[in-house]
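**Q** Data file run_9.pdb (PDB, C-alpha atoms) is appended below.
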ATOM      1  CA  MET A   1       6.062 -13.134  40.571
ATOM      2  CA  ALA A   2       6.283  -9.471  39.568
ATOM      3  CA  SER A   3       6.788  -8.733  35.906
ATOM      4  CA  ALA A   4       9.881  -6.978  34.650
ATOM      5  CA  GLY A   5       9.609  -3.305  33.818
ATOM      6  CA  LEU A   6       8.432  -1.943  30.516
ATOM      7  CA  ARG A   7      10.881  -2.610  27.684
ATOM      8  CA  THR A   8      11.438   0.808  26.184
ATOM      9  CA  HIS A   9      12.912   1.957  22.896
ATOM     10  CA  GLU A  10      14.089   5.198  21.300
ATOM     11  CA  VAL A  11      11.890   5.156  18.170
ATOM     12  CA  THR A  12       9.708   8.175  17.413
ATOM     13  CA  LEU A  13       7.640   8.265  14.211
ATOM     14  CA  GLY A  14       5.833  11.270  12.790
ATOM     15  CA  SER A  15       3.583  12.309   9.934
ATOM     16  CA  GLY A  16       1.897  15.703   9.900
ATOM     17  CA  HIS A  17       0.194  16.333  13.225
ATOM     18  CA  VAL A  18       0.444  12.674  14.322
ATOM     19  CA  VAL A  19       3.454  11.499  16.335
ATOM     20  CA  LEU A  20       4.112   8.045  17.765
ATOM     21  CA  ARG A  21       6.446   8.372  20.718
ATOM     22  CA  PRO A  22       7.763   5.617  22.961
ATOM     23  CA  LEU A  23       5.454   4.479  25.747
ATOM     24  CA  THR A  24       7.227   4.928  29.086
ATOM     25  CA  GLU A  25       6.700   4.078  32.742
ATOM     26  CA  ASP A  26       5.399   7.659  33.146
ATOM     27  CA  ASP A  27       2.369   6.908  30.900
ATOM     28  CA  TRP A  28       0.444   4.459  33.088
ATOM     29  CA  ASP A  29      -2.287   6.962  34.012
ATOM     30  CA  LEU A  30      -2.933   7.569  30.303
ATOM     31  CA  VAL A  31      -3.034   3.861  29.431
ATOM     32  CA  LEU A  32      -5.237   3.001  32.412
ATOM     33  CA  GLY A  33      -7.657   5.753  31.403
ATOM     34  CA  TRP A  34      -7.872   4.505  27.809
ATOM     35  CA  TRP A  35      -8.287   0.862  28.797
ATOM     36  CA  ASN A  36     -11.066   1.771  31.249
ATOM     37  CA  ASP A  37     -12.866   4.230  28.944
ATOM     38  CA  PRO A  38     -16.231   2.531  28.242
ATOM     39  CA  GLU A  39     -16.410   3.929  24.700
ATOM     40  CA  ILE A  40     -12.983   2.518  23.805
ATOM     41  CA  ALA A  41     -13.529  -0.696  25.786
ATOM     42  CA  ALA A  42     -16.754  -1.376  23.866
ATOM     43  CA  TYR A  43     -14.556  -2.301  20.880
ATOM     44  CA  ALA A  44     -11.724  -4.006  22.762
ATOM     45  CA  ASP A  45     -11.386  -7.754  22.550
ATOM     46  CA  SER A  46     -11.480  -8.306  26.294
ATOM     47  CA  ASN A  47     -13.625  -9.810  29.015
ATOM     48  CA  GLU A  48     -12.548  -7.196  31.558
ATOM     49  CA  SER A  49     -14.902  -4.318  32.311
ATOM     50  CA  GLN A  50     -12.378  -2.376  34.371
ATOM     51  CA  TYR A  51      -8.648  -2.885  34.713
ATOM     52  CA  SER A  52      -6.551  -2.174  37.755
ATOM     53  CA  LEU A  53      -3.243  -0.376  37.334
ATOM     54  CA  ALA A  54      -1.434  -3.617  38.216
ATOM     55  CA  GLN A  55      -3.318  -5.527  35.490
ATOM     56  CA  VAL A  56      -2.525  -2.927  32.827
ATOM     57  CA  GLN A  57       1.129  -2.820  33.841
ATOM     58  CA  GLU A  58       1.471  -6.611  33.791
ATOM     59  CA  ILE A  59      -0.186  -6.946  30.366
ATOM     60  CA  VAL A  60       1.617  -4.065  28.650
ATOM     61  CA  ARG A  61       4.990  -4.849  30.201
ATOM     62  CA  GLY A  62       4.595  -8.414  28.922
ATOM     63  CA  ILE A  63       3.650  -7.224  25.439
ATOM     64  CA  SER A  64       6.588  -4.800  25.397
ATOM     65  CA  ARG A  65       9.020  -7.744  25.544
ATOM     66  CA  HIS A  66       8.102  -8.471  21.905
ATOM     67  CA  ALA A  67       6.750  -5.144  20.682
ATOM     68  CA  TYR A  68       7.402  -1.500  20.059
ATOM     69  CA  CYS A  69       4.796   0.254  22.236
ATOM     70  CA  PHE A  70       3.853   3.844  21.427
ATOM     71  CA  VAL A  71       1.685   6.697  22.672
ATOM     72  CA  ILE A  72      -0.181   8.372  19.808
ATOM     73  CA  GLU A  73      -0.051  12.165  19.997
ATOM     74  CA  PHE A  74      -2.156  14.502  17.870
ATOM     75  CA  ARG A  75      -1.022  18.121  17.824
ATOM     76  CA  GLY A  76       1.086  17.366  20.914
ATOM     77  CA  ARG A  77      -1.759  15.812  22.938
ATOM     78  CA  PRO A  78      -1.759  12.093  23.878
ATOM     79  CA  VAL A  79      -4.886  10.577  22.302
ATOM     80  CA  GLY A  80      -4.214   6.830  22.259
ATOM     81  CA  GLU A  81      -1.749   3.997  22.129
ATOM     82  CA  CYS A  82      -0.563   1.441  19.620
ATOM     83  CA  TRP A  83       2.062  -1.200  19.191
ATOM     84  CA  LEU A  84       3.827  -3.249  16.550
ATOM     85  CA  GLN A  85       4.229  -6.710  18.045
ATOM     86  CA  GLU A  86       5.780  -9.988  16.956
ATOM     87  CA  MET A  87       2.933 -12.321  15.988
ATOM     88  CA  ASN A  88       1.747 -14.312  18.988
ATOM     89  CA  LEU A  89      -1.295 -16.202  17.653
ATOM     90  CA  ASP A  90      -0.918 -19.857  16.701
ATOM     91  CA  ARG A  91      -3.525 -19.635  13.931
ATOM     92  CA  ILE A  92      -1.144 -17.352  12.006
ATOM     93  CA  LEU A  93       2.159 -18.873  13.104
ATOM     94  CA  ARG A  94       1.063 -22.382  12.030
ATOM     95  CA  ARG A  95       0.107 -21.153   8.543
ATOM     96  CA  HIS A  96       3.295 -19.107   8.079
ATOM     97  CA  PRO A  97       6.083 -20.797  10.069
ATOM     98  CA  GLU A  98       8.946 -19.289   8.041
ATOM     99  CA  VAL A  99       7.442 -15.799   7.714
ATOM    100  CA  ASP A 100       8.236 -12.813   9.948
ATOM    101  CA  CYS A 101       4.678 -11.852  10.915
ATOM    102  CA  ARG A 102       3.832  -8.889  13.132
ATOM    103  CA  ARG A 103       0.582  -7.407  14.372
ATOM    104  CA  ILE A 104      -0.702  -3.929  15.089
ATOM    105  CA  ASP A 105      -3.005  -3.095  17.974
ATOM    106  CA  ILE A 106      -4.359   0.434  18.316
ATOM    107  CA  GLU A 107      -6.848   2.446  20.352
ATOM    108  CA  ILE A 108      -7.753   6.111  20.194
ATOM    109  CA  GLU A 109      -9.982   8.307  22.356
ATOM    110  CA  LYS A 110     -13.479   8.667  20.889
ATOM    111  CA  ALA A 111     -13.190  12.471  20.627
ATOM    112  CA  TYR A 112     -10.444  11.879  18.024
ATOM    113  CA  TRP A 113     -12.170   9.198  15.932
ATOM    114  CA  GLY A 114     -12.856  10.003  12.296
ATOM    115  CA  ARG A 115      -9.883  12.374  11.853
ATOM    116  CA  GLY A 116      -7.552   9.954  10.054
ATOM    117  CA  ILE A 117      -5.282   9.628  13.095
ATOM    118  CA  GLY A 118      -5.637   5.836  13.192
ATOM    119  CA  THR A 119      -4.906   5.390   9.498
ATOM    120  CA  THR A 120      -1.859   7.671   9.775
ATOM    121  CA  ALA A 121      -0.559   5.759  12.805
ATOM    122  CA  ILE A 122      -1.132   2.419  11.054
ATOM    123  CA  ARG A 123       0.745   3.586   7.944
ATOM    124  CA  MET A 124       3.697   4.701  10.063
ATOM    125  CA  LEU A 125       3.778   1.353  11.891
ATOM    126  CA  VAL A 126       3.623  -0.537   8.578
ATOM    127  CA  GLU A 127       6.503   1.451   7.112
ATOM    128  CA  PHE A 128       8.500   0.996  10.314
ATOM    129  CA  GLY A 129       7.735  -2.740  10.397
ATOM    130  CA  PHE A 130       8.706  -3.368   6.792
ATOM    131  CA  GLU A 131      11.572  -0.931   6.262
ATOM    132  CA  ARG A 132      13.302  -0.924   9.641
ATOM    133  CA  ASN A 133      12.297  -4.278  11.153
ATOM    134  CA  GLY A 134      12.258  -6.542   8.089
ATOM    135  CA  ALA A 135       8.736  -7.893   8.651
ATOM    136  CA  ASP A 136       7.212  -9.961   5.834
ATOM    137  CA  ALA A 137       3.567  -9.480   6.830
ATOM    138  CA  ILE A 138       1.698  -7.258   9.278
ATOM    139  CA  PHE A 139      -1.730  -8.188  10.586
ATOM    140  CA  ALA A 140      -4.681  -6.583  12.321
ATOM    141  CA  MET A 141      -6.270  -9.341  14.389
ATOM    142  CA  ASP A 142      -9.905  -9.902  15.344
ATOM    143  CA  VAL A 143     -11.295  -6.589  14.068
ATOM    144  CA  ALA A 144     -14.880  -6.997  15.255
ATOM    145  CA  ASP A 145     -17.664  -6.991  12.695
ATOM    146  CA  ASP A 146     -19.391  -4.207  14.648
ATOM    147  CA  ASN A 147     -16.320  -1.957  14.369
ATOM    148  CA  PRO A 148     -16.312  -0.892  10.698
ATOM    149  CA  ARG A 149     -14.358   2.283  11.511
ATOM    150  CA  SER A 150     -11.339   0.232  12.614
ATOM    151  CA  ARG A 151     -11.542  -2.017   9.574
ATOM    152  CA  ARG A 152     -11.692   1.014   7.241
ATOM    153  CA  ALA A 153      -8.634   2.554   8.916
ATOM    154  CA  PHE A 154      -6.613  -0.593   8.203
ATOM    155  CA  GLU A 155      -7.991  -0.920   4.663
ATOM    156  CA  LYS A 156      -7.085   2.710   3.905
ATOM    157  CA  ALA A 157      -3.536   1.806   4.962
ATOM    158  CA  GLY A 158      -3.482  -1.062   2.416
ATOM    159  CA  PHE A 159      -4.641  -4.044   4.488
ATOM    160  CA  GLU A 160      -6.836  -6.728   2.929
ATOM    161  CA  LEU A 161      -9.104  -9.374   4.420
ATOM    162  CA  TYR A 162      -7.100 -12.458   5.387
ATOM    163  CA  ASP A 163      -9.629 -14.521   7.352
ATOM    164  CA  THR A 164     -12.896 -14.305   9.257
ATOM    165  CA  VAL A 165     -13.027 -15.928  12.683
ATOM    166  CA  SER A 166     -16.228 -16.776  14.560
ATOM    167  CA  LYS A 167     -16.512 -15.311  18.026
ATOM    168  CA  PRO A 168     -17.635 -17.479  20.937
ATOM    169  CA  ALA A 169     -21.302 -17.544  21.911
ATOM    170  CA  GLY A 170     -22.181 -14.571  24.069
ATOM    171  CA  ALA A 171     -19.439 -12.351  22.653
ATOM    172  CA  ARG A 172     -20.346  -8.808  21.652
ATOM    173  CA  ALA A 173     -19.415  -9.371  18.004
ATOM    174  CA  ILE A 174     -20.423 -12.318  15.829
ATOM    175  CA  VAL A 175     -17.143 -12.512  13.898
ATOM    176  CA  GLY A 176     -13.720 -10.939  13.890
ATOM    177  CA  HIS A 177     -11.787 -10.109  10.753
ATOM    178  CA  ASP A 178      -8.071 -10.717  10.412
ATOM    179  CA  LEU A 179      -6.530  -8.279   7.942
ATOM    180  CA  VAL A 180      -3.037  -8.379   6.436
ATOM    181  CA  ILE A 181      -0.593  -6.337   4.407
ATOM    182  CA  TRP A 182       2.397  -8.094   2.816
ATOM    183  CA  SER A 183       5.849  -6.692   2.265
ATOM    184  CA  LYS A 184       6.601  -6.060  -1.404
ATOM    185  CA  ARG A 185       9.736  -8.192  -1.063
ATOM    186  CA  HIS A 186       8.020 -11.267   0.424
ATOM    187  CA  VAL A 187       7.912 -14.035  -2.205
ATOM    188  CA  GLY A 188       4.422 -15.436  -2.648
ATOM    189  CA  SER A 189       2.652 -12.411  -1.214
ATOM    190  CA  PRO A 190       0.145 -10.547  -3.362
ATOM    191  CA  ALA A 191       2.380  -7.450  -3.009
ATOM    192  CA  ALA A 192       5.344  -9.263  -4.634
ATOM    193  CA  GLU A 193       3.400 -10.319  -7.742
TER     194      GLU A 193
END
What is this structure when it is put down as C-alpha coordinates?

**A**
Amino acid sequence: MASAGLRTHEVTLGSGHVVLRPLTEDDWDLVLGWWNDPEIAAYADSNESQYSLAQVQEIVRGISRHAYCFVIEFRGRPVGECWLQEMNLDRILRRHPEVDCRRIDIEIEKAYWGRGIGTTAIRMLVEFGFERNGADAIFAMDVADDNPRSRRAFEKAGFELYDTVSKPAGARAIVGHDLVIWSKRHVGSPAAE
(Lines of atoms letter the chains of each structure in order from A and count residues from 1; the text may use other names and numbers.)
(Lines give C-alpha, C1' and ligand atoms only; values in the text may rest on other atoms or scores of the structure.)
Protein backbone atom coordinates (compact mmCIF):
# COMPACT_ATOMS: atom_id res chain seq x y z
CA MET A 1 0.00 0.00 0.00
CA ALA A 2 1.51 3.34 -1.02
CA SER A 3 1.88 5.94 1.68
CA ALA A 4 0.04 9.23 1.51
CA GLY A 5 1.98 12.28 0.40
CA LEU A 6 4.06 14.44 2.66
CA ARG A 7 1.97 16.42 5.14
CA THR A 8 3.15 19.97 4.63
CA HIS A 9 2.78 23.12 6.69
CA GLU A 10 3.34 26.86 6.29
CA VAL A 11 5.71 27.43 9.23
CA THR A 12 9.05 29.12 8.60
CA LEU A 13 11.37 29.88 11.53
CA GLY A 14 14.47 32.05 11.43
CA SER A 15 17.32 33.28 13.60
CA GLY A 16 20.28 35.10 12.10
CA HIS A 17 21.62 33.16 9.13
CA VAL A 18 19.68 29.98 10.02
CA VAL A 19 16.21 29.41 8.55
CA LEU A 20 13.95 26.40 9.00
CA ARG A 21 11.60 26.19 6.05
CA PRO A 22 8.94 23.58 5.37
CA LEU A 23 10.13 20.32 3.83
CA THR A 24 8.29 19.76 0.55
CA GLU A 25 7.90 17.07 -2.09
CA ASP A 26 10.54 18.97 -4.10
CA ASP A 27 13.23 18.21 -1.46
CA TRP A 28 13.60 14.45 -1.87
CA ASP A 29 16.98 14.66 -3.61
CA LEU A 30 18.33 16.69 -0.68
CA VAL A 31 16.94 14.31 1.96
CA LEU A 32 18.13 11.22 0.09
CA GLY A 33 21.61 12.72 -0.16
CA TRP A 34 21.75 13.50 3.57
CA TRP A 35 20.42 10.10 4.62
CA ASN A 36 22.96 8.34 2.38
CA ASP A 37 25.94 10.54 3.31
CA PRO A 38 28.31 8.15 5.15
CA GLU A 39 29.55 10.90 7.49
CA ILE A 40 26.01 11.78 8.58
CA ALA A 41 24.84 8.15 8.57
CA ALA A 42 27.69 7.20 10.93
CA TYR A 43 25.73 8.96 13.70
CA ALA A 44 22.22 7.98 12.63
CA ASP A 45 20.33 5.43 14.67
CA SER A 46 19.67 3.10 11.76
CA ASN A 47 20.57 -0.32 10.44
CA GLU A 48 20.39 0.83 6.82
CA SER A 49 23.62 1.58 4.99
CA GLN A 50 21.93 3.10 1.95
CA TYR A 51 18.33 4.18 1.49
CA SER A 52 16.35 4.10 -1.70
CA LEU A 53 14.23 7.10 -2.63
CA ALA A 54 11.10 5.02 -1.95
CA GLN A 55 12.33 4.14 1.56
CA VAL A 56 13.10 7.76 2.43
CA GLN A 57 9.75 8.93 1.10
CA GLU A 58 7.82 6.27 3.02
CA ILE A 59 9.62 7.01 6.30
CA VAL A 60 9.49 10.81 6.11
CA ARG A 61 5.93 10.92 4.79
CA GLY A 62 4.92 8.72 7.74
CA ILE A 63 6.75 10.94 10.22
CA SER A 64 5.18 14.06 8.70
CA ARG A 65 1.72 12.84 9.78
CA HIS A 66 2.72 13.72 13.37
CA ALA A 67 5.52 16.23 12.88
CA TYR A 68 6.59 19.55 11.50
CA CYS A 69 9.38 18.64 9.04
CA PHE A 70 11.87 21.31 8.03
CA VAL A 71 14.87 21.88 5.76
CA ILE A 72 17.64 23.75 7.58
CA GLU A 73 19.13 26.55 5.48
CA PHE A 74 22.30 28.44 6.36
CA ARG A 75 22.85 31.66 4.44
CA GLY A 76 20.23 30.47 1.94
CA ARG A 77 21.82 27.05 1.32
CA PRO A 78 20.10 23.80 2.39
CA VAL A 79 22.45 22.10 4.86
CA GLY A 80 20.24 19.61 6.72
CA GLU A 81 16.84 18.63 7.99
CA CYS A 82 15.03 18.49 11.29
CA TRP A 83 11.61 17.88 12.69
CA LEU A 84 9.51 18.44 15.79
CA GLN A 85 7.46 15.28 16.22
CA GLU A 86 4.81 14.05 18.63
CA MET A 87 6.48 11.55 20.96
CA ASN A 88 6.28 8.04 19.54
CA LEU A 89 8.36 5.97 21.98
CA ASP A 90 6.58 3.88 24.60
CA ARG A 91 9.38 4.29 27.16
CA ILE A 92 8.50 8.00 27.38
CA LEU A 93 4.75 7.76 26.83
CA ARG A 94 4.36 5.19 29.65
CA ARG A 95 6.22 7.44 32.12
CA HIS A 96 4.31 10.59 31.12
CA PRO A 97 0.83 9.55 29.95
CA GLU A 98 -0.80 12.94 30.60
CA VAL A 99 2.09 15.06 29.28
CA ASP A 100 2.36 16.52 25.77
CA CYS A 101 5.81 15.20 24.86
CA ARG A 102 7.54 15.94 21.56
CA ARG A 103 10.91 15.01 20.12
CA ILE A 104 13.46 16.69 17.90
CA ASP A 105 15.48 14.86 15.27
CA ILE A 106 18.16 16.74 13.35
CA GLU A 107 20.97 16.14 10.87
CA ILE A 108 23.37 18.56 9.25
CA GLU A 109 26.01 18.15 6.55
CA LYS A 110 29.49 17.62 8.02
CA ALA A 111 30.90 20.73 6.28
CA TYR A 112 28.55 22.78 8.49
CA TRP A 113 29.22 21.07 11.84
CA GLY A 114 30.67 23.20 14.62
CA ARG A 115 29.10 26.49 13.46
CA GLY A 116 26.22 26.60 15.95
CA ILE A 117 23.65 25.82 13.26
CA GLY A 118 22.32 22.78 15.14
CA THR A 119 21.98 24.62 18.44
CA THR A 120 20.20 27.51 16.70
CA ALA A 121 17.80 25.14 14.93
CA ILE A 122 17.12 23.27 18.18
CA ARG A 123 16.37 26.51 20.04
CA MET A 124 13.92 27.57 17.33
CA LEU A 125 12.16 24.19 17.45
CA VAL A 126 11.94 24.37 21.25
CA GLU A 127 10.42 27.85 21.17
CA PHE A 128 8.01 26.78 18.44
CA GLY A 129 7.07 23.61 20.35
CA PHE A 130 6.43 25.37 23.64
CA GLU A 131 4.99 28.70 22.53
CA ARG A 132 2.99 27.77 19.44
CA ASN A 133 2.24 24.07 19.96
CA GLY A 134 1.72 23.89 23.73
CA ALA A 135 4.20 21.07 24.33
CA ASP A 136 5.06 20.27 27.96
CA ALA A 137 8.38 18.54 27.28
CA ILE A 138 10.67 18.16 24.28
CA PHE A 139 13.15 15.31 24.02
CA ALA A 140 16.24 14.35 22.06
CA MET A 141 16.19 10.56 21.87
CA ASP A 142 19.07 8.08 21.75
CA VAL A 143 21.91 10.59 21.32
CA ALA A 144 24.77 8.12 20.92
CA ASP A 145 27.60 8.19 23.42
CA ASP A 146 30.08 8.54 20.54
CA ASN A 147 28.34 11.71 19.29
CA PRO A 148 29.29 14.34 21.89
CA ARG A 149 28.80 17.16 19.36
CA SER A 150 25.08 16.39 19.12
CA ARG A 151 24.70 16.15 22.88
CA ARG A 152 26.46 19.52 23.35
CA ALA A 153 24.16 21.16 20.79
CA PHE A 154 21.10 20.05 22.77
CA GLU A 155 22.67 20.98 26.12
CA LYS A 156 23.53 24.46 24.82
CA ALA A 157 19.83 24.81 23.97
CA GLY A 158 18.89 23.96 27.60
CA PHE A 159 18.36 20.19 27.47
CA GLU A 160 19.38 18.01 30.41
CA LEU A 161 20.06 14.29 30.73
CA TYR A 162 16.82 12.38 31.24
CA ASP A 163 17.92 8.75 30.89
CA THR A 164 20.67 6.53 29.52
CA VAL A 165 19.62 3.54 27.43
CA SER A 166 21.86 0.57 26.62
CA LYS A 167 22.27 -0.19 22.94
CA PRO A 168 21.95 -3.76 21.68
CA ALA A 169 25.06 -5.90 21.30
CA GLY A 170 26.83 -5.14 18.05
CA ALA A 171 25.53 -1.57 17.82
CA ARG A 172 28.00 1.18 16.99
CA ALA A 173 27.42 2.99 20.29
CA ILE A 174 27.35 1.44 23.75
CA VAL A 175 24.60 3.69 25.13
CA GLY A 176 22.22 6.37 23.95
CA HIS A 177 21.28 9.40 25.99
CA ASP A 178 17.75 10.74 26.17
CA LEU A 179 17.76 14.47 26.87
CA VAL A 180 14.80 16.67 27.81
CA ILE A 181 13.77 20.28 28.23
CA TRP A 182 10.57 21.07 30.14
CA SER A 183 8.16 23.90 29.51
CA LYS A 184 8.26 26.54 32.24
CA ARG A 185 4.50 26.14 32.68
CA HIS A 186 4.51 22.35 33.16
CA VAL A 187 3.77 21.55 36.82
CA GLY A 188 6.34 19.20 38.30
CA SER A 189 9.03 19.97 35.75
CA PRO A 190 12.36 21.35 36.92
CA ALA A 191 11.65 24.46 34.80
CA ALA A 192 8.45 25.21 36.77
CA GLU A 193 10.15 25.13 40.18

**Q** Since I can't run it myself right now, could you work out what the PyMOL selection byres ((chain A and resi 70) around 7) selects here and report it as a list in words?

**A**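 Selected by the PyMOL selection byres ((chain A and resi 70) around 7) here: Leu20, Arg21, Pro22, Leu23, Tyr68, Cys69, Val71, Ile72, Glu81, Cys82 and Trp83 of chain A.
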
**Q** Tell me which of A:Glu109, A:Asp142, A:Ile92, A:Thr12 sits closest to A:Leu125, counting all atoms listed in the file.

**A**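 Smallest separation from A:Leu125 among the options: A:Thr12.
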
**Q** Care to translate the PyMOL selection byres ((chain A and resi 138) around 8) into actual residues of this file, as a VMD selection string?

**A** chain A and resid 101 to 104 126 129 135 to 137 139 to 140 180 to 182

**Q** One decimal, Å: what's the distance from atom CA of A:Val18 over to atom CA of A:Glu73, could you say?

**A**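 Here the two named atoms are 5.7 Å from each other.
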
**Q** Could you tell me how far atom CA of A:Arg151 sits from atom CA of A:Glu58, in Å to one decimal place?

**A**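 If I compute the distance from atom CA of A:Glu58 to atom CA of A:Arg151, I get 27.9 Å.
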
**Q** Find the residue from A:Val99, A:Ala111, A:Ile106, A:Ala153 that sits nearest to A:Leu84; use all atoms listed in the file when measuring.

**A**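 Answer, going by the shortest atom-to-atom distance: A:Ile106.
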
**Q** Determine the residue membership of the PyMOL selection byres ((chain A and resi 124) around 10) for the file above and supply it as an MDAnalysis selection string.

**A** chainID A and resid 13:15 18:20 118:123 125:129 157

**Q** Let me make sure I understand: among A:Gln50, A:Asn147, A:Val56, A:Ile108, which one has the smallest atom-to-atom distance to A:Phe74 if we use only C-alpha atoms?

**A** A:Ile108

**Q** With only C-alpha atoms as the counted atoms, please give the residues lying no more than 9 Å from A:Asp178, apart from itself and same-chain residues fewer than 4 positions off, as number ranges by chain.

**A** A: 139-143, 160-165

**Q** In Å to one decimal, how far is atom CA of A:Arg172 from atom CA of A:Arg91?

**A**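 Between atom CA of A:Arg91 and atom CA of A:Arg172 the gap is 21.4 Å.
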
**Q** Using only C-alpha atoms, find the one residue out of A:Glu25, A:Val60, A:Lys110, A:Lys167 that sits nearest to A:Ala41.

**A**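 Nearest candidate to A:Ala41 out of A:Glu25, A:Val60, A:Lys110, A:Lys167: A:Lys110.
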
**Q** Please identify all polymer residues within 12 Å of A:Gly33, counting all atoms listed in the file, omitting same-chain residues fewer than 2 positions from it, and present them as a list of chain:residue names.

**A**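 So, after excluding close chain neighbours, the residues are A:Asp27, A:Trp28, A:Asp29, A:Leu30, A:Val31, A:Trp35, A:Asn36, A:Asp37, A:Pro38, A:Glu39, A:Ile40, A:Ala41, A:Gln50, A:Tyr51, A:Ser52, A:Leu53, A:Val56, A:Pro78, A:Val79, A:Gly80, A:Glu81, A:Glu107, A:Ile108, A:Glu109.
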
**Q** Which centre and which edge lengths, in Å to one decimal, describe the axis-aligned box that holds all listed atoms of stretch 124-133 of chain A after 8 Å is added on each side, as lines of an AutoDock Vina configuration file?

**A**
center_x = 8.5
center_y = 0.2
center_z = 9.1
size_x = 25.7
size_y = 25.0
size_z = 21.6

**Q** Render stretch 96-118 of chain A from the structure in the preceding block as a file of N, CA and C atoms, as a PDB file, in the first residue's frame.

**A**
ATOM      1  N   HIS A  96       4.968   9.288  31.128  1.00  0.00           N
ATOM      2  CA  HIS A  96       4.314  10.594  31.116  1.00  0.00           C
ATOM      3  C   HIS A  96       3.017  10.534  30.306  1.00  0.00           C
ATOM      4  N   PRO A  97       2.037   9.741  30.759  1.00  0.00           N
ATOM      5  CA  PRO A  97       0.829   9.551  29.954  1.00  0.00           C
ATOM      6  C   PRO A  97      -0.028  10.802  29.773  1.00  0.00           C
ATOM      7  N   GLU A  98       0.032  11.743  30.680  1.00  0.00           N
ATOM      8  CA  GLU A  98      -0.803  12.943  30.598  1.00  0.00           C
ATOM      9  C   GLU A  98      -0.009  14.173  30.148  1.00  0.00           C
ATOM     10  N   VAL A  99       1.190  13.961  29.640  1.00  0.00           N
ATOM     11  CA  VAL A  99       2.085  15.060  29.283  1.00  0.00           C
ATOM     12  C   VAL A  99       2.223  15.120  27.766  1.00  0.00           C
ATOM     13  N   ASP A 100       2.154  16.331  27.213  1.00  0.00           N
ATOM     14  CA  ASP A 100       2.356  16.520  25.771  1.00  0.00           C
ATOM     15  C   ASP A 100       3.861  16.527  25.501  1.00  0.00           C
ATOM     16  N   CYS A 101       4.378  15.367  25.125  1.00  0.00           N
ATOM     17  CA  CYS A 101       5.814  15.202  24.862  1.00  0.00           C
ATOM     18  C   CYS A 101       6.058  15.214  23.360  1.00  0.00           C
ATOM     19  N   ARG A 102       7.111  15.890  22.961  1.00  0.00           N
ATOM     20  CA  ARG A 102       7.542  15.938  21.564  1.00  0.00           C
ATOM     21  C   ARG A 102       8.998  15.496  21.511  1.00  0.00           C
ATOM     22  N   ARG A 103       9.494  15.332  20.303  1.00  0.00           N
ATOM     23  CA  ARG A 103      10.912  15.006  20.124  1.00  0.00           C
ATOM     24  C   ARG A 103      11.463  15.755  18.927  1.00  0.00           C
ATOM     25  N   ILE A 104      12.743  16.036  18.991  1.00  0.00           N
ATOM     26  CA  ILE A 104      13.456  16.687  17.896  1.00  0.00           C
ATOM     27  C   ILE A 104      14.437  15.688  17.310  1.00  0.00           C
ATOM     28  N   ASP A 105      14.452  15.594  16.004  1.00  0.00           N
ATOM     29  CA  ASP A 105      15.479  14.861  15.270  1.00  0.00           C
ATOM     30  C   ASP A 105      16.117  15.857  14.313  1.00  0.00           C
ATOM     31  N   ILE A 106      17.437  15.748  14.147  1.00  0.00           N
ATOM     32  CA  ILE A 106      18.158  16.738  13.345  1.00  0.00           C
ATOM     33  C   ILE A 106      19.386  16.100  12.727  1.00  0.00           C
ATOM     34  N   GLU A 107      19.701  16.527  11.507  1.00  0.00           N
ATOM     35  CA  GLU A 107      20.969  16.137  10.870  1.00  0.00           C
ATOM     36  C   GLU A 107      21.438  17.271   9.980  1.00  0.00           C
ATOM     37  N   ILE A 108      22.749  17.461   9.987  1.00  0.00           N
ATOM     38  CA  ILE A 108      23.374  18.560   9.253  1.00  0.00           C
ATOM     39  C   ILE A 108      24.598  18.020   8.515  1.00  0.00           C
ATOM     40  N   GLU A 109      24.834  18.537   7.327  1.00  0.00           N
ATOM     41  CA  GLU A 109      26.014  18.147   6.546  1.00  0.00           C
ATOM     42  C   GLU A 109      27.287  18.417   7.348  1.00  0.00           C
ATOM     43  N   LYS A 110      28.255  17.514   7.230  1.00  0.00           N
ATOM     44  CA  LYS A 110      29.489  17.624   8.016  1.00  0.00           C
ATOM     45  C   LYS A 110      30.217  18.949   7.785  1.00  0.00           C
ATOM     46  N   ALA A 111      30.203  19.465   6.578  1.00  0.00           N
ATOM     47  CA  ALA A 111      30.903  20.726   6.282  1.00  0.00           C
ATOM     48  C   ALA A 111      30.367  21.883   7.121  1.00  0.00           C
ATOM     49  N   TYR A 112      29.174  21.715   7.713  1.00  0.00           N
ATOM     50  CA  TYR A 112      28.551  22.784   8.495  1.00  0.00           C
ATOM     51  C   TYR A 112      28.497  22.475   9.989  1.00  0.00           C
ATOM     52  N   TRP A 113      29.156  21.396  10.413  1.00  0.00           N
ATOM     53  CA  TRP A 113      29.223  21.075  11.837  1.00  0.00           C
ATOM     54  C   TRP A 113      30.104  22.103  12.541  1.00  0.00           C
ATOM     55  N   GLY A 114      29.828  22.326  13.794  1.00  0.00           N
ATOM     56  CA  GLY A 114      30.674  23.197  14.616  1.00  0.00           C
ATOM     57  C   GLY A 114      30.443  24.683  14.404  1.00  0.00           C
ATOM     58  N   ARG A 115      29.385  25.072  13.717  1.00  0.00           N
ATOM     59  CA  ARG A 115      29.101  26.489  13.456  1.00  0.00           C
ATOM     60  C   ARG A 115      27.918  27.016  14.276  1.00  0.00           C
ATOM     61  N   GLY A 116      27.366  26.180  15.145  1.00  0.00           N
ATOM     62  CA  GLY A 116      26.224  26.598  15.955  1.00  0.00           C
ATOM     63  C   GLY A 116      24.888  26.482  15.248  1.00  0.00           C
ATOM     64  N   ILE A 117      24.882  25.940  14.033  1.00  0.00           N
ATOM     65  CA  ILE A 117      23.645  25.822  13.261  1.00  0.00           C
ATOM     66  C   ILE A 117      22.670  24.881  13.965  1.00  0.00           C
ATOM     67  N   GLY A 118      23.167  23.749  14.455  1.00  0.00           N
ATOM     68  CA  GLY A 118      22.318  22.784  15.137  1.00  0.00           C
ATOM     69  C   GLY A 118      21.691  23.361  16.389  1.00  0.00           C
TER      70      GLY A 118
END
